[in-house]
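Listing of input-v2.txt; format and content: compact mmCIF, C-alpha atoms.
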# COMPACT_ATOMS: atom_id res chain seq x y z
CA MET A 27 0.00 0.00 0.00
CA ALA A 28 1.35 3.42 -0.92
CA ARG A 29 1.94 5.99 1.75
CA LYS A 30 0.36 9.36 1.04
CA ASN A 31 2.58 12.36 1.62
CA GLU A 32 0.80 15.09 -0.27
CA ARG A 33 2.09 18.57 0.45
CA GLN A 34 0.45 21.86 -0.32
CA PHE A 35 2.46 24.98 -1.12
CA THR A 36 1.25 28.56 -1.49
CA GLN A 37 3.22 31.05 -3.51
CA SER A 38 2.63 34.79 -3.34
CA ILE A 39 3.70 36.94 -6.27
CA ASP A 40 3.85 40.74 -6.11
CA TYR A 41 3.79 42.60 -9.40
CA GLU A 42 3.04 45.99 -10.88
CA GLU A 43 0.54 46.58 -13.61
CA TRP A 44 0.07 49.77 -15.63
CA VAL A 45 -3.42 50.48 -16.94
CA ASN A 46 -3.99 53.72 -18.89
CA GLY A 47 -0.91 55.31 -17.33
CA VAL A 48 -1.96 54.39 -13.79
CA LYS A 49 0.27 52.09 -11.73
CA TYR A 50 -1.45 49.29 -9.78
CA GLU A 51 0.36 47.05 -7.34
CA ARG A 52 -1.10 43.58 -7.21
CA ARG A 53 -0.53 40.41 -5.26
CA GLU A 54 -1.46 37.01 -6.58
CA HIS A 55 -1.62 33.81 -4.54
CA ARG A 56 -1.11 30.45 -6.20
CA SER A 57 -1.57 27.16 -4.41
CA TYR A 58 0.09 23.95 -5.55
CA THR A 59 -0.49 20.45 -4.34
CA ILE A 60 2.42 18.15 -4.90
CA GLY A 61 1.43 14.50 -4.84
CA SER A 62 3.25 11.78 -3.02
CA GLU A 63 6.27 10.08 -4.48
CA PRO A 64 5.36 6.81 -6.18
CA ASP A 65 6.21 3.62 -4.32
CA TYR A 66 9.91 2.88 -4.39
CA ILE A 67 12.40 0.37 -3.11
CA LYS A 68 16.04 1.11 -2.42
CA ILE A 69 18.58 -1.18 -4.07
CA TYR A 70 21.96 -0.78 -2.43
CA THR A 71 25.22 -0.93 -4.36
CA ALA A 72 26.22 -4.08 -2.47
CA GLY A 73 23.11 -5.74 -3.84
CA LEU A 74 23.89 -4.75 -7.41
CA LEU A 75 27.39 -6.16 -7.15
CA TYR A 76 26.12 -9.33 -5.49
CA MET A 77 23.46 -9.92 -8.17
CA ARG A 78 25.75 -9.37 -11.15
CA ASP A 79 25.76 -13.07 -12.07
CA MET A 80 22.15 -13.84 -11.16
CA PRO A 81 20.25 -15.86 -13.81
CA SER A 82 17.86 -13.75 -15.85
CA ASP A 83 14.72 -15.67 -14.75
CA CYS A 84 15.56 -15.05 -11.09
CA MET A 85 16.13 -11.38 -11.84
CA ARG A 86 12.80 -11.10 -13.65
CA LEU A 87 10.96 -12.68 -10.73
CA LEU A 88 12.73 -10.37 -8.30
CA ILE A 89 11.73 -7.33 -10.35
CA TYR A 90 8.09 -8.48 -10.31
CA LEU A 91 8.26 -9.21 -6.56
CA LEU A 92 9.79 -5.96 -5.33
CA PRO A 93 6.64 -3.79 -5.70
CA TYR A 94 4.84 -6.11 -3.25
CA VAL A 95 7.45 -5.72 -0.48
CA ARG A 96 6.06 -4.18 2.73
CA TYR A 97 7.63 -1.17 4.39
CA ALA A 98 10.16 -1.64 7.18
CA GLU A 99 8.50 -1.20 10.56
CA PRO A 100 10.03 -0.06 13.88
CA CYS A 101 11.14 -2.95 16.06
CA ASP A 102 8.63 -2.11 18.78
CA SER A 103 5.79 -2.39 16.24
CA TYR A 104 3.54 -5.44 16.22
CA MET A 105 4.16 -5.62 12.44
CA PHE A 106 7.96 -5.83 12.80
CA THR A 107 7.86 -9.55 11.95
CA TYR A 108 6.50 -8.65 8.52
CA SER A 109 8.97 -5.83 7.78
CA LEU A 110 10.42 -5.99 4.26
CA THR A 111 8.40 -9.10 3.47
CA VAL A 112 6.14 -10.23 0.66
CA THR A 113 3.39 -12.79 1.18
CA MET A 114 3.24 -15.19 -1.75
CA ASP A 115 -0.36 -16.35 -1.53
CA THR A 116 -1.89 -18.49 -4.28
CA TYR A 117 -3.37 -15.50 -6.10
CA LEU A 118 -0.04 -13.63 -6.24
CA ARG A 119 1.82 -16.75 -7.37
CA LYS A 120 -0.65 -17.25 -10.23
CA GLU A 121 -0.49 -13.56 -11.18
CA LEU A 122 3.32 -13.49 -11.24
CA ALA A 123 3.52 -16.78 -13.14
CA GLU A 124 1.16 -15.33 -15.74
CA LYS A 125 3.25 -12.15 -16.05
CA MET A 126 6.42 -14.20 -16.47
CA GLY A 127 4.80 -16.64 -18.89
CA CYS A 128 5.61 -19.73 -16.84
CA LYS A 129 3.87 -22.26 -14.62
CA VAL A 130 3.40 -21.81 -10.88
CA ALA A 131 5.74 -24.78 -10.26
CA SER A 132 8.51 -22.99 -12.19
CA LEU A 133 7.88 -19.85 -10.17
CA ASN A 134 8.18 -21.87 -6.95
CA ASN A 135 11.53 -23.24 -8.17
CA LEU A 136 12.73 -19.69 -8.85
CA LEU A 137 11.66 -18.66 -5.33
CA THR A 138 13.73 -21.54 -3.94
CA GLU A 139 16.71 -20.37 -6.00
CA LEU A 140 16.35 -16.83 -4.59
CA VAL A 141 16.24 -18.26 -1.06
CA ASP A 142 19.29 -20.46 -1.71
CA GLY A 143 21.11 -17.42 -3.11
CA HIS A 144 20.30 -15.41 0.05
CA ILE A 145 18.30 -12.77 -1.83
CA LEU A 146 15.15 -13.85 0.01
CA ASP A 147 14.75 -15.37 3.46
CA ARG A 148 11.75 -17.57 4.20
CA VAL A 149 10.18 -16.10 7.36
CA ALA A 150 7.05 -18.28 7.48
CA LYS A 151 4.98 -20.37 5.11
CA SER A 152 4.60 -18.28 1.93
CA VAL A 153 6.21 -15.21 3.59
CA TYR A 154 9.60 -14.10 2.30
CA ARG A 155 11.83 -11.23 3.48
CA VAL A 156 14.18 -9.49 1.08
CA ASN A 157 17.79 -9.31 2.24
CA PRO A 158 18.06 -5.94 4.04
CA HIS A 159 21.72 -5.61 2.99
CA PHE A 160 20.57 -5.44 -0.63
CA PHE A 161 17.10 -3.85 -0.50
CA GLY A 162 15.19 -1.41 1.67
CA LYS A 163 11.80 0.22 1.72
CA GLY A 164 10.80 2.84 4.25
CA ASN A 165 12.64 4.58 7.07
CA VAL A 166 16.43 4.11 7.06
CA LYS A 167 16.48 3.61 10.85
CA ASP A 168 13.96 0.76 10.63
CA ILE A 169 15.87 -0.88 7.79
CA ALA A 170 19.08 -0.64 9.84
CA GLU A 171 17.39 -2.43 12.76
CA ILE A 172 16.39 -5.31 10.49
CA ARG A 173 19.85 -5.33 8.92
CA GLY A 174 21.31 -5.84 12.40
CA CYS A 175 19.62 -9.27 12.48
CA TYR A 176 21.40 -10.45 9.30
CA ARG A 177 25.02 -11.18 8.63
CA PRO A 178 26.47 -9.02 5.87
CA PRO A 179 27.54 -10.87 2.73
CA ALA A 180 31.22 -11.55 2.14
CA PRO A 181 32.78 -8.75 0.09
CA ASP A 182 33.60 -11.05 -2.84
CA ALA A 183 30.37 -13.11 -2.69
CA THR A 184 28.07 -13.27 -5.67
CA PHE A 185 24.65 -14.81 -6.12
CA MET A 186 25.96 -17.87 -7.97
CA SER A 187 28.81 -18.53 -5.51
CA VAL A 188 26.41 -18.48 -2.54
CA TYR A 189 23.76 -20.44 -4.45
CA ASN A 190 26.24 -23.19 -5.44
CA GLU A 191 27.58 -23.37 -1.87
CA THR A 192 24.05 -23.72 -0.48
CA LYS A 193 23.17 -26.39 -3.03
CA GLU A 194 26.32 -28.34 -2.10
CA LYS A 195 25.40 -28.21 1.59
CA LYS A 196 21.85 -29.40 0.83
CA LYS A 197 23.25 -32.24 -1.25
CA LYS A 198 25.61 -33.33 1.55
CA LYS A 199 22.80 -33.14 4.10
CA LYS A 200 20.55 -35.24 1.86
CA ASN A 201 23.26 -37.87 1.44
CA GLY A 202 23.77 -38.00 5.20
CA GLN A 203 27.27 -36.54 5.13
CA GLU A 204 28.44 -34.47 8.06
CA ILE A 205 28.44 -30.74 7.49
CA ASN A 206 30.84 -28.63 9.51
CA GLN A 207 28.73 -25.54 10.02
CA THR A 208 30.34 -22.35 11.23
CA GLU A 209 28.63 -19.25 12.55
CA ASP A 210 29.18 -17.55 9.19
CA ASP A 211 27.10 -20.21 7.41
CA ILE A 212 23.92 -19.08 9.14
CA ALA A 213 22.34 -16.09 7.37
CA PRO A 214 19.94 -14.64 9.94
CA ILE A 215 21.12 -14.02 13.48
CA GLU A 216 18.56 -15.31 15.94
Would you mind writing the file out in C-alpha cells?
Amino acid sequence: MARKNERQFTQSIDYEEWVNGVKYERREHRSYTIGSEPDYIKIYTAGLLYMRDMPSDCMRLLIYLLPYVRYAEPCDSYMFTYSLTVTMDTYLRKELAEKMGCKVASLNNLLTELVDGHILDRVAKSVYRVNPHFFGKGNVKDIAEIRGCYRPPAPDATFMSVYNETKEKKKKKKNGQEINQTEDDIAPIE
C-alpha cells in the first residue's frame, strides 16, 4: 500500500501593472499540491554487485516481486515480523507466473533459488523477506534495525557462488554426510 505524503504549497507573487498610465500594485496567490512520491524500493550498491551473475529468470521474478514488499517497521511495532516481506499467496503466485509466462511450479523453483542465493529469506509459510543488505523500503532507521539481524555478505560473494555453496550443503545433508557448520554459514542471526 502506498503511503500518502501530499504537500500543499502557497506562492505569493507581487507585481506591478500599468493600466492607462496608472500604476497598480497587485498580489497574486497560487496554491500547488504536490502528490506523493510513487512507491519505491532502495537497491543498495552491495546488492547490485552481489546480483551481477544472477540468472535472468531469477532477476525477472525479483523485479516483479519488489513492488509487493512491505515497508520496514520499527522494532517495537507489532508488524515488525513482517517488515520488508512479501506474502506469496496463491493469487499472487498465479499472477506473477502469468506475467512471467511460466507455470506456478517454475515460479516456486525460482523462489527456492532466490532463497538459496540469500536474496530472500523464508520467514514463514509463503512469507519471504528481502535481504536488508541489498534492498530497503521505508525509514532508514527501521531498515538498519532489520539489517542488524542479518550477517552481511562476504565482500567477494556473488549470487551464484552463494547459491552453489548452499546447493552443495543441501546435497551433503541429503546424502547424510556431516556438514561442519560455522557461525558464518547461518544467514539470519537469531
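For the set A:Met80, A:Ala180, A:Val188, A:Val149, the residue with the smallest atom-to-atom gap to Phe106 of chain A is A:Val149, counting only C-alpha atoms.
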Within 8 Å of segment 133-142 of chain A, which residues of segment 179-204 of chain A come that close, and what is the closest atom pair and distance in Å for each? Count only C-alpha atoms and give it as JSON lines.
{"residue": "A:Val188", "atom": "CA", "partner": "A:Asp142", "partner_atom": "CA", "distance": 7.4}
{"residue": "A:Tyr189", "atom": "CA", "partner": "A:Asp142", "partner_atom": "CA", "distance": 5.2}
{"residue": "A:Thr192", "atom": "CA", "partner": "A:Asp142", "partner_atom": "CA", "distance": 5.9}
{"residue": "A:Lys193", "atom": "CA", "partner": "A:Asp142", "partner_atom": "CA", "distance": 7.2}
- request: List the neighbours of Val156 of chain A out to 7 Å using all atoms listed in the file; skip same-chain residues closer than 5 positions along the sequence, and give me the result as JSON, numbers by chain.
  value: {"A": [110, 111, 145, 146, 147, 161]}
- request: Give me the residues within 9 Å of Met77 of chain A as a list in words, counting only C-alpha atoms and dropping any in the same chain fewer than 4 places off.
  value: Ala72, Gly73, Pro81, Met85, Ile145, Thr184, Phe185 and Met186 of chain A
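Closest approach to Pro158 of chain A among A:Ile89, A:Val48, A:Ala98, A:Met105: A:Ala98, based on all atoms listed in the file.
Taking only C-alpha atoms into account, Leu118 of chain A lies nearest to A:Tyr94 out of the set A:Tyr94, A:Tyr41, A:Tyr66, A:Phe35.
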Residue with smallest distance to Ile169 of chain A - pool A:Pro100, A:Gly143, A:Gly127, A:Gly47, counting only C-alpha atoms: A:Pro100
- prompt: Could you name the residues that touch Asp102 of chain A at 12 Å or less, counting all atoms listed in the file, but leaving out those on the same chain fewer than 5 positions away, as a ChimeraX atom specification?
  reply: /A:107,109,168,171-172
Long-range neighbours of Leu122 of chain A as number ranges by chain, 9 Å cut-off, all atoms listed in the file, 5 positions minimum in chain: A: 87, 90-91, 117, 127-128, 130, 133
statement: atom CA of Gly174 of chain A sits from atom CA of Asn157 of chain A at a separation of 11.3 Å
Assuming 8 Å of padding per side, give the centre and edge lengths of the axis-aligned box around every listed atom of segment 155-165 of chain A, in Å to one decimal and as lines of an AutoDock Vina configuration file.
center_x = 16.3
center_y = -3.3
center_z = 3.2
size_x = 26.9
size_y = 31.8
size_z = 23.7
Atom-to-atom span, atom CA of Thr113 of chain A and atom CA of Tyr154 of chain A, Å: 6.4 Å
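When only C-alpha atoms are used to compute distances to Arg53 of chain A, the closest of the residues A:Asn190, A:Ser38, A:Ser152, A:Thr116 turns out to be A:Ser38.
Taking atom CA of Thr59 of chain A as the reference point, atom CA of Thr36 of chain A is found at 8.8 Å.
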field: Selected residue, from A:Leu75, A:Leu92, A:Cys101, A:Ile69, that lies nearest to Ala170 of chain A when counting only C-alpha atoms
entry: A:Cys101
